[in-house]
Amino acid sequence: MKRLTLLMAAIVVATSLSAQIGSWRTINVSTCVVSTQATFTKGIQHNRHLFLGYGTGVDYTTVFNLNLNNIQTGKSESISVGGLALPIFVDAKLRLFDDWLSPSVRLRTGALINTHMPGVGLFATPEVGLDISRYFTLSVGWNGHLLYTPNYGWYHLTAYPMLGASIRF
């Protein structure tokens, strides 16, 4: 009973601290030569350094042909991949300093639905950024997709560097 009471007290304190820090929304745009990603995140700043949230968006990759080689049969097949994907993800961001200019580390990861070649998959976008005040971030990251389609199974679609900008409000 004592543990339950302590746990409940910790939850109440954590919730009240989170409410004082505040709820934030973020719009992020990342781009490179072959892809552009625009996402919207809603979450809570848990303290001056840690942000946790969830979001969705759109991710467009230039359509290109991918050659798949079947090791067992020795046959090669070309499929068209890329196009529009709709991600649903969790977002975690850590500001290293509590100053107007601070380096930060961010990870967005979750599931996505590819509409060009119908399938579902997983993605991850780790980023390193520079926060300018608490409202604007410039970042460099990596975006990777792993997709599954009924016809071809799992295949690695993309992994490429990204440049990004985020606005918090």
# chains A, B, ... in the order shown; residues from 1 in each chain; ligands from 1

call {"tool": "residues_around", "arguments": {"residues": "segment 87-103 of chain A", "least_positions_apart": "3", "cutoff": "7 Å", "atoms": "only C-alpha atoms", "output": "PyMOL selection string"}}
result
chain A and resi 48-58+106-113+129-134

call {"tool": "write_last_selection", "arguments": {"atoms": "C-alpha atoms", "output": "mmCIF file, in the first residue's frame"}}
result
data_model
loop_
_atom_site.group_PDB
_atom_site.id
_atom_site.type_symbol
_atom_site.label_atom_id
_atom_site.label_comp_id
_atom_site.auth_asym_id
_atom_site.auth_seq_id
_atom_site.Cartn_x
_atom_site.Cartn_y
_atom_site.Cartn_z
ATOM 1 C CA ARG A 48 13.811 22.105 -19.552
ATOM 2 C CA HIS A 49 15.641 19.458 -21.571
ATOM 3 C CA LEU A 50 13.309 16.547 -22.544
ATOM 4 C CA PHE A 51 10.415 16.686 -25.023
ATOM 5 C CA LEU A 52 8.231 13.620 -25.722
ATOM 6 C CA GLY A 53 5.423 13.582 -28.262
ATOM 7 C CA TYR A 54 3.640 11.892 -31.148
ATOM 8 C CA GLY A 55 2.899 12.974 -34.665
ATOM 9 C CA THR A 56 2.100 12.371 -38.296
ATOM 10 C CA GLY A 57 2.986 13.891 -41.633
ATOM 11 C CA VAL A 58 3.884 13.219 -45.243
ATOM 12 C CA ARG A 106 16.088 14.110 -31.683
ATOM 13 C CA LEU A 107 14.609 10.773 -32.758
ATOM 14 C CA ARG A 108 11.361 10.266 -34.655
ATOM 15 C CA THR A 109 10.456 6.629 -35.206
ATOM 16 C CA GLY A 110 7.312 4.726 -36.059
ATOM 17 C CA ALA A 111 5.271 3.160 -38.821
ATOM 18 C CA LEU A 112 4.418 4.393 -42.294
ATOM 19 C CA ILE A 113 2.071 3.577 -45.130
ATOM 20 C CA GLY A 129 20.381 20.022 -34.235
ATOM 21 C CA LEU A 130 21.038 23.506 -32.993
ATOM 22 C CA ASP A 131 18.176 25.111 -31.069
ATOM 23 C CA ILE A 132 17.959 28.866 -31.529
ATOM 24 C CA SER A 133 15.862 29.953 -28.563
ATOM 25 C CA ARG A 134 13.219 27.376 -27.702
#

call {"tool": "closest_residue", "arguments": {"among": "A:Asn114, A:Ser104, A:Tyr135, A:Gln45", "to": "Asp59 of chain A", "atoms": "only C-alpha atoms"}}
result
A:Asn114

call {"tool": "residues_around", "arguments": {"residues": "segment 161-169 of chain A", "least_positions_apart": "2", "cutoff": "9 Å", "atoms": "only C-alpha atoms", "output": "list in words"}}
result
Trp24, Arg25, Thr26, Ile27, Asn28, Val29, Ser30, Thr31, Cys32, Val33, Ser35, Thr36, Gln37, Thr125, Glu127, Gly129, Arg134, Tyr135, Phe136, Thr137, Leu138, Ser139, Val140, Gly141, Trp142, Asn143, Gly144 and Ala159 of chain A

call {"tool": "atom_distance", "arguments": {"atom1": "atom CA of Gly74 of chain A", "atom2": "atom CA of Tyr160 of chain A"}}
result
28.3 Å

call {"tool": "residues_around", "arguments": {"residues": "segment 145-147 of chain A", "least_positions_apart": "6", "cutoff": "9 Å", "atoms": "only C-alpha atoms", "output": "ChimeraX atom specification"}}
result
/A:112-114,119-124,153-159

call {"tool": "write_last_selection", "arguments": {"atoms": "N, CA and C atoms", "output": "mmCIF file, in the first residue's frame"}}
result
data_model
loop_
_atom_site.group_PDB
_atom_site.id
_atom_site.type_symbol
_atom_site.label_atom_id
_atom_site.label_comp_id
_atom_site.auth_asym_id
_atom_site.auth_seq_id
_atom_site.Cartn_x
_atom_site.Cartn_y
_atom_site.Cartn_z
ATOM 1 N N LEU A 112 4.867 3.580 -41.169
ATOM 2 C CA LEU A 112 4.418 4.393 -42.294
ATOM 3 C C LEU A 112 3.665 3.536 -43.293
ATOM 4 N N ILE A 113 2.840 4.213 -44.064
ATOM 5 C CA ILE A 113 2.071 3.577 -45.130
ATOM 6 C C ILE A 113 2.542 4.179 -46.436
ATOM 7 N N ASN A 114 3.003 3.340 -47.354
ATOM 8 C CA ASN A 114 3.459 3.803 -48.666
ATOM 9 C C ASN A 114 2.275 3.718 -49.628
ATOM 10 N N GLY A 119 1.969 -0.699 -49.286
ATOM 11 C CA GLY A 119 2.662 -1.478 -48.285
ATOM 12 C C GLY A 119 2.797 -0.676 -47.010
ATOM 13 N N VAL A 120 3.207 -1.339 -45.966
ATOM 14 C CA VAL A 120 3.432 -0.699 -44.678
ATOM 15 C C VAL A 120 4.892 -0.896 -44.311
ATOM 16 N N GLY A 121 5.359 -0.121 -43.370
ATOM 17 C CA GLY A 121 6.754 -0.268 -43.001
ATOM 18 C C GLY A 121 7.106 0.462 -41.732
ATOM 19 N N LEU A 122 8.392 0.527 -41.501
ATOM 20 C CA LEU A 122 8.952 1.196 -40.335
ATOM 21 C C LEU A 122 9.905 2.281 -40.812
ATOM 22 N N PHE A 123 10.083 3.305 -39.996
ATOM 23 C CA PHE A 123 11.063 4.322 -40.346
ATOM 24 C C PHE A 123 11.692 4.877 -39.074
ATOM 25 N N ALA A 124 12.862 5.464 -39.238
ATOM 26 C CA ALA A 124 13.547 6.143 -38.145
ATOM 27 C C ALA A 124 14.261 7.358 -38.711
ATOM 28 N N GLY A 153 7.721 -8.962 -49.833
ATOM 29 C CA GLY A 153 8.196 -9.113 -48.462
ATOM 30 C C GLY A 153 8.878 -7.838 -47.988
ATOM 31 N N TRP A 154 9.822 -7.967 -47.063
ATOM 32 C CA TRP A 154 10.537 -6.822 -46.505
ATOM 33 C C TRP A 154 11.668 -6.400 -47.434
ATOM 34 N N TYR A 155 11.816 -5.125 -47.648
ATOM 35 C CA TYR A 155 12.968 -4.608 -48.369
ATOM 36 C C TYR A 155 13.302 -3.212 -47.848
ATOM 37 N N HIS A 156 14.558 -2.864 -47.966
ATOM 38 C CA HIS A 156 15.071 -1.583 -47.510
ATOM 39 C C HIS A 156 14.864 -0.575 -48.624
ATOM 40 N N LEU A 157 14.021 0.417 -48.395
ATOM 41 C CA LEU A 157 13.710 1.377 -49.453
ATOM 42 C C LEU A 157 14.743 2.497 -49.527
ATOM 43 N N THR A 158 14.935 3.210 -48.438
ATOM 44 C CA THR A 158 15.808 4.370 -48.500
ATOM 45 C C THR A 158 16.597 4.534 -47.212
ATOM 46 N N ALA A 159 17.710 5.166 -47.318
ATOM 47 C CA ALA A 159 18.499 5.641 -46.182
ATOM 48 C C ALA A 159 19.332 6.796 -46.717
#

call {"tool": "atom_distance", "arguments": {"atom1": "atom CA of Ser80 of chain A", "atom2": "atom CA of Phe64 of chain A"}}
result
5.6 Å

call {"tool": "atom_distance", "arguments": {"atom1": "atom CA of Ile44 of chain A", "atom2": "atom CA of Gly22 of chain A"}}
result
6.1 Å

call {"tool": "closest_residue", "arguments": {"among": "A:Gly43, A:Pro150, A:Gly82, A:Pro126", "to": "Val105 of chain A", "atoms": "only C-alpha atoms"}}
result
A:Pro126

call {"tool": "select_by_dssp", "arguments": {"residues": "segment 8-128 of chain A", "states": "strand (DSSP E or B)", "output": "ChimeraX atom specification"}}
result
/A:23-31,35-45,50-69,76-95,101-114,119-128

call {"tool": "write_last_selection", "arguments": {"atoms": "C-alpha atoms", "output": "mmCIF file, in the first residue's frame"}}
result
data_model
loop_
_atom_site.group_PDB
_atom_site.id
_atom_site.type_symbol
_atom_site.label_atom_id
_atom_site.label_comp_id
_atom_site.auth_asym_id
_atom_site.auth_seq_id
_atom_site.Cartn_x
_atom_site.Cartn_y
_atom_site.Cartn_z
ATOM 1 C CA SER A 23 2.340 21.409 -24.123
ATOM 2 C CA TRP A 24 4.076 22.179 -27.433
ATOM 3 C CA ARG A 25 3.458 21.617 -31.112
ATOM 4 C CA THR A 26 6.214 21.339 -33.709
ATOM 5 C CA ILE A 27 6.189 21.650 -37.485
ATOM 6 C CA ASN A 28 9.267 20.099 -39.075
ATOM 7 C CA VAL A 29 10.381 20.186 -42.711
ATOM 8 C CA SER A 30 13.369 18.055 -43.789
ATOM 9 C CA THR A 31 14.714 17.705 -47.295
ATOM 10 C CA SER A 35 13.135 13.217 -50.500
ATOM 11 C CA THR A 36 11.085 15.821 -48.636
ATOM 12 C CA GLN A 37 9.376 15.212 -45.305
ATOM 13 C CA ALA A 38 6.901 17.478 -43.493
ATOM 14 C CA THR A 39 5.703 16.408 -40.044
ATOM 15 C CA PHE A 40 3.517 17.753 -37.252
ATOM 16 C CA THR A 41 4.220 16.759 -33.645
ATOM 17 C CA LYS A 42 2.253 17.365 -30.430
ATOM 18 C CA GLY A 43 3.808 16.632 -27.079
ATOM 19 C CA ILE A 44 4.853 17.723 -23.630
ATOM 20 C CA GLN A 45 8.073 19.366 -22.499
ATOM 21 C CA LEU A 50 13.309 16.547 -22.544
ATOM 22 C CA PHE A 51 10.415 16.686 -25.023
ATOM 23 C CA LEU A 52 8.231 13.620 -25.722
ATOM 24 C CA GLY A 53 5.423 13.582 -28.262
ATOM 25 C CA TYR A 54 3.640 11.892 -31.148
ATOM 26 C CA GLY A 55 2.899 12.974 -34.665
ATOM 27 C CA THR A 56 2.100 12.371 -38.296
ATOM 28 C CA GLY A 57 2.986 13.891 -41.633
ATOM 29 C CA VAL A 58 3.884 13.219 -45.243
ATOM 30 C CA ASP A 59 7.122 11.895 -46.706
ATOM 31 C CA TYR A 60 7.675 12.072 -50.465
ATOM 32 C CA THR A 61 10.587 10.173 -52.015
ATOM 33 C CA THR A 62 11.438 10.451 -55.710
ATOM 34 C CA VAL A 63 10.148 7.361 -57.537
ATOM 35 C CA PHE A 64 12.965 5.124 -58.781
ATOM 36 C CA ASN A 65 13.523 1.504 -59.806
ATOM 37 C CA LEU A 66 14.957 -0.949 -57.296
ATOM 38 C CA ASN A 67 16.498 -4.231 -58.443
ATOM 39 C CA LEU A 68 15.738 -7.199 -56.190
ATOM 40 C CA ASN A 69 17.922 -10.293 -56.518
ATOM 41 C CA SER A 76 16.410 -10.518 -60.650
ATOM 42 C CA GLU A 77 13.321 -8.309 -60.639
ATOM 43 C CA SER A 78 12.969 -4.542 -60.928
ATOM 44 C CA ILE A 79 10.238 -2.743 -58.967
ATOM 45 C CA SER A 80 9.276 0.921 -58.812
ATOM 46 C CA VAL A 81 9.622 2.341 -55.281
ATOM 47 C CA GLY A 82 9.321 5.726 -53.607
ATOM 48 C CA GLY A 83 6.351 8.022 -53.829
ATOM 49 C CA LEU A 84 4.175 9.293 -51.021
ATOM 50 C CA ALA A 85 4.357 7.752 -47.544
ATOM 51 C CA LEU A 86 2.278 8.680 -44.498
ATOM 52 C CA PRO A 87 4.203 8.254 -41.215
ATOM 53 C CA ILE A 88 2.789 7.898 -37.694
ATOM 54 C CA PHE A 89 5.518 8.217 -35.068
ATOM 55 C CA VAL A 90 6.740 8.994 -31.577
ATOM 56 C CA ASP A 91 9.115 11.906 -31.140
ATOM 57 C CA ALA A 92 11.786 12.409 -28.468
ATOM 58 C CA LYS A 93 14.059 15.445 -28.275
ATOM 59 C CA LEU A 94 16.797 16.232 -25.774
ATOM 60 C CA ARG A 95 18.211 19.780 -25.417
ATOM 61 C CA LEU A 101 21.501 28.539 -28.110
ATOM 62 C CA SER A 102 21.753 24.807 -27.435
ATOM 63 C CA PRO A 103 22.685 21.629 -29.301
ATOM 64 C CA SER A 104 19.946 18.993 -29.351
ATOM 65 C CA VAL A 105 19.400 15.351 -30.275
ATOM 66 C CA ARG A 106 16.088 14.110 -31.683
ATOM 67 C CA LEU A 107 14.609 10.773 -32.758
ATOM 68 C CA ARG A 108 11.361 10.266 -34.655
ATOM 69 C CA THR A 109 10.456 6.629 -35.206
ATOM 70 C CA GLY A 110 7.312 4.726 -36.059
ATOM 71 C CA ALA A 111 5.271 3.160 -38.821
ATOM 72 C CA LEU A 112 4.418 4.393 -42.294
ATOM 73 C CA ILE A 113 2.071 3.577 -45.130
ATOM 74 C CA ASN A 114 3.459 3.803 -48.666
ATOM 75 C CA GLY A 119 2.662 -1.478 -48.285
ATOM 76 C CA VAL A 120 3.432 -0.699 -44.678
ATOM 77 C CA GLY A 121 6.754 -0.268 -43.001
ATOM 78 C CA LEU A 122 8.952 1.196 -40.335
ATOM 79 C CA PHE A 123 11.063 4.322 -40.346
ATOM 80 C CA ALA A 124 13.547 6.143 -38.145
ATOM 81 C CA THR A 125 14.877 9.670 -38.365
ATOM 82 C CA PRO A 126 17.674 10.487 -35.912
ATOM 83 C CA GLU A 127 18.803 14.134 -35.956
ATOM 84 C CA VAL A 128 21.417 16.395 -34.385
#
